[in-house]
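J.: Please read through the structure below; I'll follow up with questions.
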Amino acid sequence: MNTNGRLYSIAGSDARIREILDANDQGYEEVDSVPALWRLTNSNGFYVNHCVAVFIDIRGSSQLANNHTRPVLGKLYRAYLSECVAILNQDPNCKQVFIHGDCVSGMIDGNKPEFVDGALFRAFQLNSLVNMLNWRLGQRGYAKIQCGIGMDYGRALILQGGCSGTGINEVIWMGEVVNNAADLCNQGNKRGLQPIQVSSAAYERLGREDYKRLLIARTGALKGHRVAYEANAESTEMQQWLVNEQQKCAKQSSGLNALGMLGKMNSAGGFGRIAAAQATPQPKIPQSNLVGLRAAQDPLVDTPISDQQIEALGNLRGLWMTVAQDPPTKTLFTDYNAALVSALRQQTRSHPGQETRSMSGLANPLKPSRKK
């Protein structure tokens with residue numbers, strides 16, 4: 001909010017205080033969905049019974065200033081903030097997005113279970129965004145970031161706060177749903193916890209069982225709540241895009257290296273040694289690390305799914321496609337994606353009697369799935 005330099009009056013201040021305190025209590029209406037925010041004034045408010053808060057924050061952000069120059073730090077923050085806002089802003093049920101330092105939050109209508117499904121998917125997308133950003137940061141020699149993501153569902157009080165007559169006003173969201181989401185966000189990616197932290201209230205409000213299976217229960221998350229849930233799930237579409245882009249860059253890099261080697265060989269006496277210019281072989285993946293990463297597809301895309309599809313290749317030697325247990329596992333899967341798929345396909349060919357299912361995207365919670 002920009003200031004305007006209006007003079008402060010003690011008597012005027014007292015008059016505003018008395019006007020606010022003596023306002024009619026009936027001006028606070030209870031509603032199920034988030035109302036149009038233009039209805040807010042300096043004398044009313046709304047109790048919203050169904051609201052979702054999603055927060056994302058950078059871990060160890062104070063250390064970033066020690067690792068980067070100010071221009072680099074500014075570009076890093078600007079890229080991070082820009083795309084966090086973009087992901088939350090796309091949700092048709094997201095009513096407001098806030099930026100506080102390196103924390104970005106979205107307030108989303110939770111009147112229907114599918115709205116909460118969509119909010120959870122935004123958390124998956126934010127998790128994928130961090131991986132995309134880290135890849136681009138690494139290409140430029142910049143330090144990577146880690147983030148915590150928190151989500152809660154509950155009741156919120158919406159007010160217009162500010163000073164009457166100054167034009168300096170802002171919508172304020174208050175209540176446990178906001179506090180709990182911020183607290184869960186602060187716990188994500190700390191002390192061995194997964195990046196995405198979800199309250200039990202948000203978990204129970206979810207309409208999609210496949211989304212629930214992506215979340216793992218844990219204890220001691222919030223005061224007064226015995227259980228919360230966590231995950232390291234991603235958007236299938238964003239993860240696949242990242243894998244494809246990394247593979248393209250790897251091929252381009254290999255081609256440039258090969259051209260450079262050919263040039264050296266030519267200057268050294270012809271192309272007789274061309275056989276030496278061979279691509280680096282794919283590293284072998286230990287059998288114990290053949291663990292997949294469960295992911296979700298954008299709920300705005302109408303993609304059919306069955307309950308079995310997310311248990312992709314589950315019958316192959318007991319391997320389950322599941323949430324990555326730790327960041328190293330996820331990193332291994334991303335780095336060696338092509339080798340992993342090749343290894344699993346080889347196992348399929350050696351077990352022709354077993355059914356093989358591909359990992360499909362998850363369906364749009366806002367639209368009915370098409371029947372096959």
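The way I read the labels, and the way they are meant: chains A, B, ... in the order of the structure tokens, residue 1 as the first residue of every chain, and ligand 1 as the first ligand shown, with later ones counted on from there.
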Write down as a ChimeraX atom specification the residues belonging to range 117-229 of chain A that are assigned strand (DSSP E) by DSSP computed on the backbone.
T.: /A:147-163,168-174,196-199,216-222,225-229
J.: Using CA of Arg140 in chain A and CA of Lys190 in chain A as the two end points, give the distance in Å to one decimal.
T.: 26.2 Å
J.: Write out as a PyMOL selection string the residues lying within 9 Å of range 10-16 of chain A, counting only C-alpha atoms and excluding same-chain residues fewer than 4 positions away.
T.: chain A and resi 20-21+163-164
J.: So that I can see what lies close to range 51-67 of chain A, please list as a PyMOL selection string the residues with an atom at most 6 Å from it, counting only C-alpha atoms and leaving out residues fewer than 3 positions away in the same chain.
T.: chain A and resi 102-110+146-155+178+181+185
J.: Show me, as a PyMOL selection string, the residues that have an atom within 12 Å of range 133-139 of chain A when counting only C-alpha atoms, minus same-chain residues fewer than 3 positions from it.
T.: chain A and resi 68+72-73+75-84+126-130+142-147+238-239+242-243+245-246+249-250+331+334-335
J.: Limited to N, CA and C atoms, could you put the picked residues into a file as a short mmCIF file (atom, residue, chain, number, x, y, z; two decimals), in the first residue's frame?
T.:
```
data_model
loop_
_atom_site.label_atom_id
_atom_site.label_comp_id
_atom_site.auth_asym_id
_atom_site.auth_seq_id
_atom_site.Cartn_x
_atom_site.Cartn_y
_atom_site.Cartn_z
N HIS A 68 25.27 -15.24 -3.33
CA HIS A 68 25.05 -14.57 -4.60
C HIS A 68 25.28 -13.06 -4.49
N VAL A 72 22.17 -11.08 -8.93
CA VAL A 72 21.77 -12.49 -9.07
C VAL A 72 20.66 -12.81 -8.08
N LEU A 73 20.79 -12.33 -6.85
CA LEU A 73 19.77 -12.58 -5.84
C LEU A 73 18.43 -11.98 -6.28
N LYS A 75 17.39 -11.47 -9.37
CA LYS A 75 16.83 -12.26 -10.47
C LYS A 75 16.26 -13.58 -9.96
N LEU A 76 16.96 -14.21 -9.01
CA LEU A 76 16.48 -15.48 -8.44
C LEU A 76 15.11 -15.28 -7.79
N TYR A 77 15.02 -14.26 -6.92
CA TYR A 77 13.75 -14.01 -6.24
C TYR A 77 12.65 -13.64 -7.22
N ARG A 78 12.98 -12.83 -8.20
CA ARG A 78 11.96 -12.40 -9.16
C ARG A 78 11.43 -13.59 -9.96
N ALA A 79 12.30 -14.50 -10.38
CA ALA A 79 11.85 -15.69 -11.11
C ALA A 79 10.99 -16.58 -10.22
N TYR A 80 11.43 -16.79 -8.98
CA TYR A 80 10.68 -17.63 -8.03
C TYR A 80 9.31 -17.03 -7.73
N LEU A 81 9.26 -15.74 -7.40
CA LEU A 81 7.99 -15.10 -7.07
C LEU A 81 7.05 -15.06 -8.28
N SER A 82 7.61 -14.76 -9.46
CA SER A 82 6.80 -14.67 -10.67
C SER A 82 6.02 -15.95 -10.92
N GLU A 83 6.70 -17.11 -10.84
CA GLU A 83 6.05 -18.36 -11.23
C GLU A 83 5.23 -18.97 -10.11
N CYS A 84 5.56 -18.67 -8.85
CA CYS A 84 4.68 -19.09 -7.75
C CYS A 84 3.32 -18.39 -7.88
N LEU A 126 3.71 -26.40 -7.50
CA LEU A 126 4.74 -25.57 -6.86
C LEU A 126 5.99 -26.41 -6.59
N ASN A 127 5.80 -27.67 -6.19
CA ASN A 127 6.94 -28.56 -5.95
C ASN A 127 7.70 -28.82 -7.25
N SER A 128 6.97 -29.02 -8.34
CA SER A 128 7.62 -29.19 -9.65
C SER A 128 8.34 -27.92 -10.07
N LEU A 129 7.74 -26.78 -9.78
CA LEU A 129 8.35 -25.50 -10.14
C LEU A 129 9.72 -25.34 -9.51
N VAL A 130 9.86 -25.76 -8.26
CA VAL A 130 11.16 -25.65 -7.59
C VAL A 130 12.22 -26.45 -8.34
N TYR A 142 24.36 -21.04 -10.29
CA TYR A 142 23.79 -20.46 -9.08
C TYR A 142 23.39 -21.56 -8.10
N ALA A 143 23.36 -21.21 -6.83
CA ALA A 143 22.97 -22.18 -5.80
C ALA A 143 21.49 -22.53 -5.93
N LYS A 144 21.16 -23.79 -5.70
CA LYS A 144 19.78 -24.25 -5.78
C LYS A 144 19.04 -23.90 -4.49
N ILE A 145 17.71 -23.93 -4.56
CA ILE A 145 16.89 -23.60 -3.40
C ILE A 145 16.07 -24.80 -2.96
N GLN A 146 15.62 -24.77 -1.73
CA GLN A 146 14.65 -25.73 -1.20
C GLN A 146 13.48 -24.95 -0.65
N CYS A 147 12.29 -25.53 -0.77
CA CYS A 147 11.09 -24.83 -0.30
C CYS A 147 10.22 -25.75 0.54
N MET A 238 4.51 -31.26 -15.74
CA MET A 238 5.69 -30.42 -15.51
C MET A 238 6.95 -31.27 -15.36
N GLN A 239 6.81 -32.43 -14.67
CA GLN A 239 7.96 -33.30 -14.51
C GLN A 239 8.43 -33.85 -15.84
N LEU A 242 10.21 -31.23 -17.87
CA LEU A 242 11.57 -31.03 -17.39
C LEU A 242 12.50 -32.14 -17.88
N VAL A 243 12.03 -33.39 -17.81
CA VAL A 243 12.85 -34.52 -18.28
C VAL A 243 13.16 -34.37 -19.76
N GLU A 245 13.23 -31.59 -21.58
CA GLU A 245 14.15 -30.48 -21.79
C GLU A 245 15.58 -30.86 -21.39
N GLN A 246 15.72 -31.59 -20.30
CA GLN A 246 17.06 -32.03 -19.87
C GLN A 246 17.68 -32.97 -20.89
N CYS A 249 18.83 -30.92 -23.89
CA CYS A 249 20.08 -30.22 -23.59
C CYS A 249 21.25 -31.18 -23.56
N ALA A 250 21.02 -32.39 -23.03
CA ALA A 250 22.09 -33.38 -22.99
C ALA A 250 22.51 -33.79 -24.40
N THR A 331 15.98 -37.37 -7.03
CA THR A 331 17.04 -36.88 -7.90
C THR A 331 17.53 -38.00 -8.82
N THR A 334 15.02 -38.58 -11.58
CA THR A 334 15.04 -37.52 -12.60
C THR A 334 16.27 -37.63 -13.49
N ASP A 335 17.44 -37.81 -12.85
CA ASP A 335 18.68 -37.85 -13.61
C ASP A 335 18.75 -39.05 -14.54
#
```
J.: If you count only C-alpha atoms, which residues fall within 10 Å of Gly167 in chain A, apart from same-chain ones fewer than 3 positions away, as a list of chain:residue names?
T.: A:Met1, A:Asn2, A:Thr3, A:Asn4, A:Gly162, A:Cys163, A:Ser164, A:Glu170
J.: Go ahead and save the picked residues with all heavy atoms, as an mmCIF file, in the first residue's frame.
T.:
```cif
data_model
loop_
_atom_site.group_PDB
_atom_site.id
_atom_site.type_symbol
_atom_site.label_atom_id
_atom_site.label_comp_id
_atom_site.auth_asym_id
_atom_site.auth_seq_id
_atom_site.Cartn_x
_atom_site.Cartn_y
_atom_site.Cartn_z
ATOM 1 N N MET A 1 0.839 -1.195 0.000
ATOM 2 C CA MET A 1 0.000 0.000 0.000
ATOM 3 C C MET A 1 0.871 1.240 0.000
ATOM 4 O O MET A 1 1.771 1.373 0.831
ATOM 5 C CB MET A 1 -0.908 -0.010 1.241
ATOM 6 C CG MET A 1 -1.926 -1.156 1.259
ATOM 7 S SD MET A 1 -3.003 -1.120 2.710
ATOM 8 C CE MET A 1 -1.848 -1.607 4.000
ATOM 9 N N ASN A 2 0.611 2.152 -0.893
ATOM 10 C CA ASN A 2 1.368 3.394 -0.964
ATOM 11 C C ASN A 2 0.817 4.429 0.013
ATOM 12 O O ASN A 2 -0.389 4.515 0.242
ATOM 13 C CB ASN A 2 1.306 3.969 -2.386
ATOM 14 C CG ASN A 2 1.993 3.071 -3.387
ATOM 15 O OD1 ASN A 2 2.999 2.438 -3.078
ATOM 16 N ND2 ASN A 2 1.448 3.002 -4.592
ATOM 17 N N THR A 3 1.708 5.216 0.592
ATOM 18 C CA THR A 3 1.292 6.257 1.525
ATOM 19 C C THR A 3 0.956 7.539 0.770
ATOM 20 O O THR A 3 1.312 7.697 -0.404
ATOM 21 C CB THR A 3 2.405 6.546 2.551
ATOM 22 O OG1 THR A 3 3.572 7.005 1.839
ATOM 23 C CG2 THR A 3 2.761 5.293 3.325
ATOM 24 N N ASN A 4 0.241 8.443 1.466
ATOM 25 C CA ASN A 4 -0.113 9.720 0.844
ATOM 26 C C ASN A 4 0.210 10.921 1.733
ATOM 27 O O ASN A 4 -0.124 12.057 1.383
ATOM 28 C CB ASN A 4 -1.595 9.743 0.445
ATOM 29 C CG ASN A 4 -2.514 9.406 1.615
ATOM 30 O OD1 ASN A 4 -2.182 9.639 2.768
ATOM 31 N ND2 ASN A 4 -3.671 8.850 1.291
ATOM 32 N N GLY A 162 -7.449 -1.138 7.181
ATOM 33 C CA GLY A 162 -6.791 0.072 6.716
ATOM 34 C C GLY A 162 -7.348 1.269 7.450
ATOM 35 O O GLY A 162 -8.022 1.131 8.471
ATOM 36 N N CYS A 163 -7.102 2.438 6.945
ATOM 37 C CA CYS A 163 -7.552 3.673 7.573
ATOM 38 C C CYS A 163 -8.616 4.327 6.710
ATOM 39 O O CYS A 163 -8.354 4.698 5.560
ATOM 40 C CB CYS A 163 -6.379 4.626 7.790
ATOM 41 S SG CYS A 163 -6.812 6.139 8.665
ATOM 42 N N SER A 164 -9.809 4.466 7.257
ATOM 43 C CA SER A 164 -10.919 5.059 6.525
ATOM 44 C C SER A 164 -10.593 6.490 6.108
ATOM 45 O O SER A 164 -10.085 7.282 6.888
ATOM 46 C CB SER A 164 -12.175 5.044 7.403
ATOM 47 O OG SER A 164 -13.252 5.661 6.746
ATOM 48 N N GLU A 170 -6.650 -2.805 2.665
ATOM 49 C CA GLU A 170 -6.251 -4.106 2.130
ATOM 50 C C GLU A 170 -7.154 -5.177 2.708
ATOM 51 O O GLU A 170 -7.614 -5.070 3.853
ATOM 52 C CB GLU A 170 -4.792 -4.408 2.470
ATOM 53 C CG GLU A 170 -4.242 -5.635 1.775
ATOM 54 C CD GLU A 170 -2.735 -5.763 1.924
ATOM 55 O OE1 GLU A 170 -2.096 -4.821 2.397
ATOM 56 O OE2 GLU A 170 -2.196 -6.833 1.565
#
```
